[in-house]
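model.cif, holding mmCIF, C-alpha atoms:
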```
data_my_file
loop_
_atom_site.label_atom_id
_atom_site.label_comp_id
_atom_site.auth_asym_id
_atom_site.auth_seq_id
_atom_site.Cartn_x
_atom_site.Cartn_y
_atom_site.Cartn_z
CA GLY K 1 13.58 -7.05 -6.39
CA THR K 2 14.07 -9.70 -9.07
CA ASP K 3 17.50 -10.72 -10.35
CA PRO K 4 18.29 -9.06 -13.71
CA ASP K 5 19.14 -11.06 -16.82
CA SER K 6 20.02 -10.26 -20.44
CA THR K 7 16.73 -11.46 -21.97
CA ASN K 8 13.88 -10.21 -19.78
CA SER K 9 15.17 -7.26 -17.76
CA PRO K 10 14.70 -3.65 -18.90
CA ILE K 11 17.78 -1.70 -19.98
CA TYR K 12 18.52 1.35 -17.87
CA LYS K 13 18.02 4.48 -19.98
CA GLY K 14 17.15 7.15 -17.42
CA PRO K 15 16.04 7.89 -13.85
CA LEU K 16 13.64 5.49 -12.13
CA SER K 17 10.59 6.51 -10.13
CA VAL K 18 9.93 4.53 -6.94
CA ASN K 19 7.09 4.64 -4.43
CA GLY K 20 7.95 3.59 -0.91
CA PHE K 21 10.53 0.90 -0.23
CA THR K 22 12.12 -0.49 -3.41
CA LEU K 23 15.02 -2.91 -3.87
CA VAL K 24 16.82 -2.18 -7.14
CA LYS K 25 19.16 -4.78 -8.66
CA ALA K 26 21.35 -4.17 -11.70
CA LYS K 27 24.16 -5.81 -13.65
CA ALA K 28 26.31 -4.83 -16.62
CA ILE K 29 26.06 -7.06 -19.70
CA ARG K 30 28.10 -7.09 -22.92
CA THR K 31 27.92 -9.59 -25.77
CA GLY K 32 30.78 -12.08 -25.59
CA TRP K 33 31.68 -11.17 -22.00
CA TYR K 34 30.73 -12.57 -18.63
CA SER K 35 28.15 -10.35 -16.99
CA SER K 36 29.06 -8.37 -13.88
CA PRO K 37 27.96 -9.41 -10.39
CA ILE K 38 24.56 -8.09 -9.31
CA ALA K 39 24.67 -4.72 -7.57
CA SER K 40 21.81 -4.06 -5.13
CA SER K 41 20.58 -0.85 -3.51
CA THR K 42 17.57 -0.07 -1.35
CA PHE K 43 15.52 3.09 -1.68
CA PHE K 44 12.94 4.61 0.64
CA LYS K 45 10.51 7.45 0.01
CA LYS K 46 10.98 10.14 2.67
CA GLY K 47 7.28 10.99 3.03
CA VAL K 48 6.23 13.04 6.06
CA THR K 49 8.47 13.10 9.12
CA PRO K 50 6.88 12.82 12.57
CA THR K 51 7.38 15.73 14.95
CA ASN K 52 8.52 13.39 17.68
CA ALA K 53 9.03 9.70 18.49
CA GLU K 54 8.89 7.87 21.81
CA LEU K 55 10.25 4.40 22.55
CA ILE K 56 7.94 2.09 24.50
CA ASN K 57 10.55 -0.66 24.82
CA GLN K 58 14.19 0.30 25.16
CA PRO K 59 16.84 -1.14 22.81
CA ASN K 60 19.78 -3.21 23.97
CA GLU K 61 22.29 -1.07 25.87
CA LYS K 62 25.01 -1.71 23.25
CA TYR K 63 22.85 -0.63 20.32
CA LYS K 64 20.78 2.32 21.48
CA GLY K 65 21.82 4.94 18.90
CA SER K 66 20.36 8.34 19.80
CA GLY K 67 17.22 6.88 21.29
CA ALA K 68 13.85 7.45 19.62
CA THR K 69 15.23 10.28 17.46
CA THR K 70 17.27 7.66 15.60
CA LEU K 71 14.04 6.46 13.96
CA ILE K 72 13.11 9.81 12.33
CA ASP K 73 16.45 11.58 11.68
CA LEU K 74 16.75 10.28 8.07
CA LYS K 75 20.19 8.79 8.83
CA LYS K 76 20.56 5.33 7.30
CA GLY K 77 22.81 2.63 8.68
CA LEU K 78 25.18 0.33 6.80
CA ALA K 79 24.19 -3.34 6.71
CA GLU K 80 27.71 -4.56 7.46
CA ASN K 81 28.19 -2.16 10.38
CA PHE K 82 25.48 -2.83 12.95
CA SER K 83 27.45 -0.88 15.59
CA ASP K 84 26.70 2.25 13.54
CA PRO K 85 24.76 4.67 15.81
CA ALA K 86 22.11 4.89 13.09
CA TRP K 87 20.82 1.49 14.29
CA LEU K 88 18.66 0.54 17.26
CA GLY K 89 19.03 -3.12 18.25
CA PHE K 90 16.32 -5.18 19.97
CA ARG K 91 16.61 -8.71 21.29
CA GLU K 92 15.37 -8.98 24.86
CA GLN K 93 12.01 -7.43 23.97
CA PRO K 94 10.17 -6.40 20.79
CA PHE K 95 10.55 -3.05 19.11
CA ALA K 96 7.68 -0.75 20.10
CA ALA K 97 7.38 3.01 19.66
CA PHE K 98 4.95 5.92 19.34
CA PHE K 99 5.19 8.51 16.54
CA TYR K 100 3.56 11.92 16.92
CA PHE K 101 2.50 14.62 14.45
CA ASP K 102 1.50 18.17 15.40
CA THR K 103 -1.42 17.96 12.98
CA ALA K 104 -3.24 14.92 11.69
CA GLN K 105 -1.50 13.41 8.67
CA THR K 106 -3.16 11.22 6.05
CA ILE K 107 -1.00 8.12 5.78
CA THR K 108 -1.40 5.34 3.21
CA SER K 109 1.71 3.31 4.06
CA ILE K 110 4.61 2.98 6.46
CA SER K 111 7.99 1.45 5.66
CA ILE K 112 10.36 -0.07 8.23
CA SER K 113 14.06 -0.11 7.33
CA TYR K 114 15.93 -3.00 8.97
CA ASP K 115 19.29 -4.78 8.76
CA LYS K 116 19.25 -8.36 7.46
CA SER K 117 22.64 -9.85 8.39
CA ILE K 118 21.73 -13.46 8.98
CA GLN K 119 25.09 -14.84 10.17
CA ALA K 120 25.13 -12.05 12.78
CA TYR K 121 21.64 -13.13 13.99
CA LEU K 122 20.00 -9.97 12.52
CA MET K 123 16.67 -11.11 11.08
CA PRO K 124 13.46 -9.54 9.73
CA PRO K 125 10.63 -9.08 12.23
CA VAL K 126 8.24 -12.03 12.49
CA GLU K 127 5.17 -9.90 13.25
CA ILE K 128 4.29 -6.21 12.88
CA GLU K 129 1.36 -4.22 14.26
CA LEU K 130 0.46 -0.68 13.16
CA TRP K 131 -1.92 1.35 15.32
CA GLY K 132 -3.33 4.85 14.81
CA GLY K 133 -5.41 7.43 16.70
CA ASP K 134 -5.68 11.00 17.91
CA ASP K 135 -3.57 10.25 21.00
CA LYS K 136 -1.63 7.31 22.35
CA ASN K 137 -4.44 6.29 24.71
CA LYS K 138 -7.03 6.02 21.93
CA LEU K 139 -5.53 3.88 19.19
CA LYS K 140 -7.02 1.28 16.87
CA LEU K 141 -5.28 -1.51 15.01
CA LEU K 142 -4.77 -0.52 11.37
CA LYS K 143 -2.70 -3.43 10.09
CA LYS K 144 -1.02 -6.63 11.21
CA ALA K 145 1.61 -8.34 9.05
CA PHE K 146 3.77 -11.45 9.21
CA PRO K 147 6.85 -10.81 7.04
CA LYS K 148 8.40 -13.66 5.07
CA GLN K 149 11.37 -15.17 6.87
CA PRO K 150 14.74 -16.00 5.28
CA THR K 151 15.53 -19.47 3.97
CA LYS K 152 18.77 -21.45 4.19
CA GLU K 153 19.68 -20.23 0.70
CA GLU K 154 19.82 -16.65 2.09
CA LYS K 155 22.10 -17.52 5.01
CA ASP K 156 24.93 -15.25 3.80
CA ALA K 157 22.70 -12.22 3.15
CA VAL K 158 23.97 -8.86 4.43
CA ILE K 159 21.65 -6.08 3.23
CA VAL K 160 19.44 -3.23 4.38
CA GLU K 161 15.86 -4.21 3.57
CA GLY K 162 12.45 -2.69 4.07
CA ILE K 163 8.94 -3.79 4.83
CA LYS K 164 6.13 -1.64 3.41
CA LEU K 165 2.69 -1.84 5.01
CA ASP K 166 -0.11 -0.42 2.88
CA ILE K 167 -3.22 0.75 4.71
CA ASP K 168 -6.48 2.51 3.87
CA PRO K 169 -5.92 6.31 3.93
CA SER K 170 -5.85 7.15 7.64
CA SER K 171 -5.62 10.62 9.15
CA TYR K 172 -4.23 10.55 12.69
CA LYS K 173 -1.87 12.48 14.97
CA CYS K 174 -0.41 9.42 16.69
CA PHE K 175 0.81 6.06 15.42
CA LYS K 176 2.20 3.08 17.29
CA ILE K 177 4.37 0.41 15.71
CA ILE K 178 5.24 -2.93 17.29
CA ALA K 179 7.71 -5.26 15.53
CA LYS K 180 8.56 -8.59 17.12
CA ASN K 181 11.97 -10.20 16.70
CA VAL K 182 12.59 -13.90 16.08
CA THR K 183 12.42 -15.79 19.39
CA LYS K 184 14.05 -18.98 18.02
CA LEU K 185 16.44 -19.02 15.08
CA PRO K 186 15.67 -21.77 12.52
CA ALA K 187 17.31 -25.22 12.55
CA TRP K 188 19.63 -24.36 9.62
CA HIS K 189 21.10 -21.32 11.40
CA PRO K 190 24.40 -21.68 13.35
CA GLY K 191 22.62 -20.22 16.37
CA LYS K 192 19.52 -22.41 16.02
CA GLY K 193 17.15 -22.00 18.94
CA ASP K 194 18.68 -18.70 20.08
CA LYS K 195 16.87 -15.37 19.93
CA GLY K 196 17.39 -13.27 16.84
CA TRP K 197 18.09 -9.54 16.77
CA LEU K 198 15.94 -6.87 15.14
CA PHE K 199 17.89 -3.78 14.02
CA ILE K 200 15.91 -0.76 12.79
CA ASP K 201 17.34 2.55 11.63
CA GLU K 202 14.35 4.44 10.23
CA ILE K 203 10.55 4.48 9.92
CA PHE K 204 9.00 6.23 6.91
CA PHE K 205 5.41 7.52 6.73
CA ASN K 206 3.83 8.08 3.32
#
```
As structure tokens:
Amino acid sequence: GTDPDSTNSPIYKGPLSVNGFTLVKAKAIRTGWYSSPIASSTFFKKGVTPTNAELINQPNEKYKGSGATTLIDLKKGLAENFSDPAWLGFREQPFAAFFYFDTAQTITSISISYDKSIQAYLMPPVEIELWGGDDKNKLKLLKKAFPKQPTKEEKDAVIVEGIKLDIDPSSYKCFKIIAKNVTKLPAWHPGKGDKGWLFIDEIFFN
């Protein structure tokens, strides 16, 4: 996640091992030359795929992808193309969905893949809740998180990012995730005071 430089960053010599969501940044450097721009890529660990998903709140009609299946089909969206059917877009109401497994799965983390395209009003969630249980009527809260929000210096960001929630090992057949979108964009944003969008293309269970 940190910006690479010629003095402190490791030199790439072979494959990297990642665990869960990881943002990898790299640049090419040669003595006597200007260094290249930073290249960034996001990586997610596939983990175990739910048998089924069910939306509690429906996405915006323009950005509904393939419904709940969009979240577990392992198809990633492009940050600069939020009309890609890999994305589900939420603005009028928070993202909320159930995820089901045929047999109880021991989960230690979940990762949410989202589109951060700030000029297009696509922001990270402001609050996330993760629930788990043996069925959707008997769930307990496993984790609540408040992701860091972008600053004015990031106003031109266009990137697929992830939020990884680590939890105590939990073995359940049903999980519920709620992710709330920004209700008022910050004062430095061109759309200050308006609602932000939350675009999600995939949820990963590990």
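Ranking K:Ser9, K:Ile200, K:Glu61, K:Asn206 by their shortest atom-to-atom distance to Lys75 in chain K, with all atoms listed in the file included, puts K:Ile200 first.
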*Give me the result of the PyMOL selection byres ((chain K and resi 110) around 7) on this file, residue by residue, as a ChimeraX atom specification.*
/K:109,111-112,164-166,204-206
*Any chance you could resolve the PyMOL selection byres ((chain K and resi 81-98) around 8) against this file and give the residues as JSON, numbers by chain?*
{"K": [53, 54, 55, 56, 57, 58, 59, 60, 62, 63, 64, 65, 66, 67, 68, 70, 75, 76, 77, 78, 79, 80, 99, 100, 115, 136, 174, 175, 176, 177, 178, 179, 180, 181, 195, 196, 197, 198, 199, 200, 201]}
Taking all atoms of range 84-90 of chain K that appear in the file, build a box with edges along x, y and z, extend it by 8 Å on every side, and state its centre and edge lengths in Å to one decimal, as lines of an AutoDock Vina configuration file.
```
center_x = 21.5
center_y = -0.1
center_z = 16.5
size_x = 26.4
size_y = 26.1
size_z = 22.9
```
*asked:* For this structure, which residues satisfy the selection - the PyMOL selection byres ((chain K and resi 131) around 8) - when it is evaluated on the file as given? I want them as number ranges by chain.
replied: K: 129-130, 132-133, 139-143, 175-177
*Could you tell me which of K:Leu71, K:Val24, K:Ala104, K:Val158 comes closest to Ile38 in chain K if we count only C-alpha atoms?*
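Closest residue, counting only C-alpha atoms: K:Val24.
Counting only C-alpha atoms and comparing K:Phe43, K:Asp194, K:Ser6, K:Phe101, the residue that lies closest to Thr31 in chain K is K:Ser6.
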Env of Lys152 in chain K: 8 Å cut, atoms = all atoms listed in the file, seq-sep filter 3 positions within chain, self excluded. Answer as a CSV table (one decimal) with C-alpha atoms, keeping the file's coordinate frame.
```csv
chain,number,residue,atom,x,y,z
K,155,LYS,CA,22.1,-17.5,5.0
K,188,TRP,CA,19.6,-24.4,9.6
K,189,HIS,CA,21.1,-21.3,11.4
```
*With a distance cut-off of 12 Å and only C-alpha atoms, select the neighbouring residues of Gly47 in chain K, excluding the residue or stretch itself and same-chain residues fewer than 2 positions from it, and output the selection as a ChimeraX atom specification.*
/K:19-21,44-45,49-50,72,74,105-111,203-206
*Provide the CA of Val160 in chain K to CA of Lys25 in chain K distance in Å, to one decimal place.*
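Here the two named atoms are 13.1 Å from each other.
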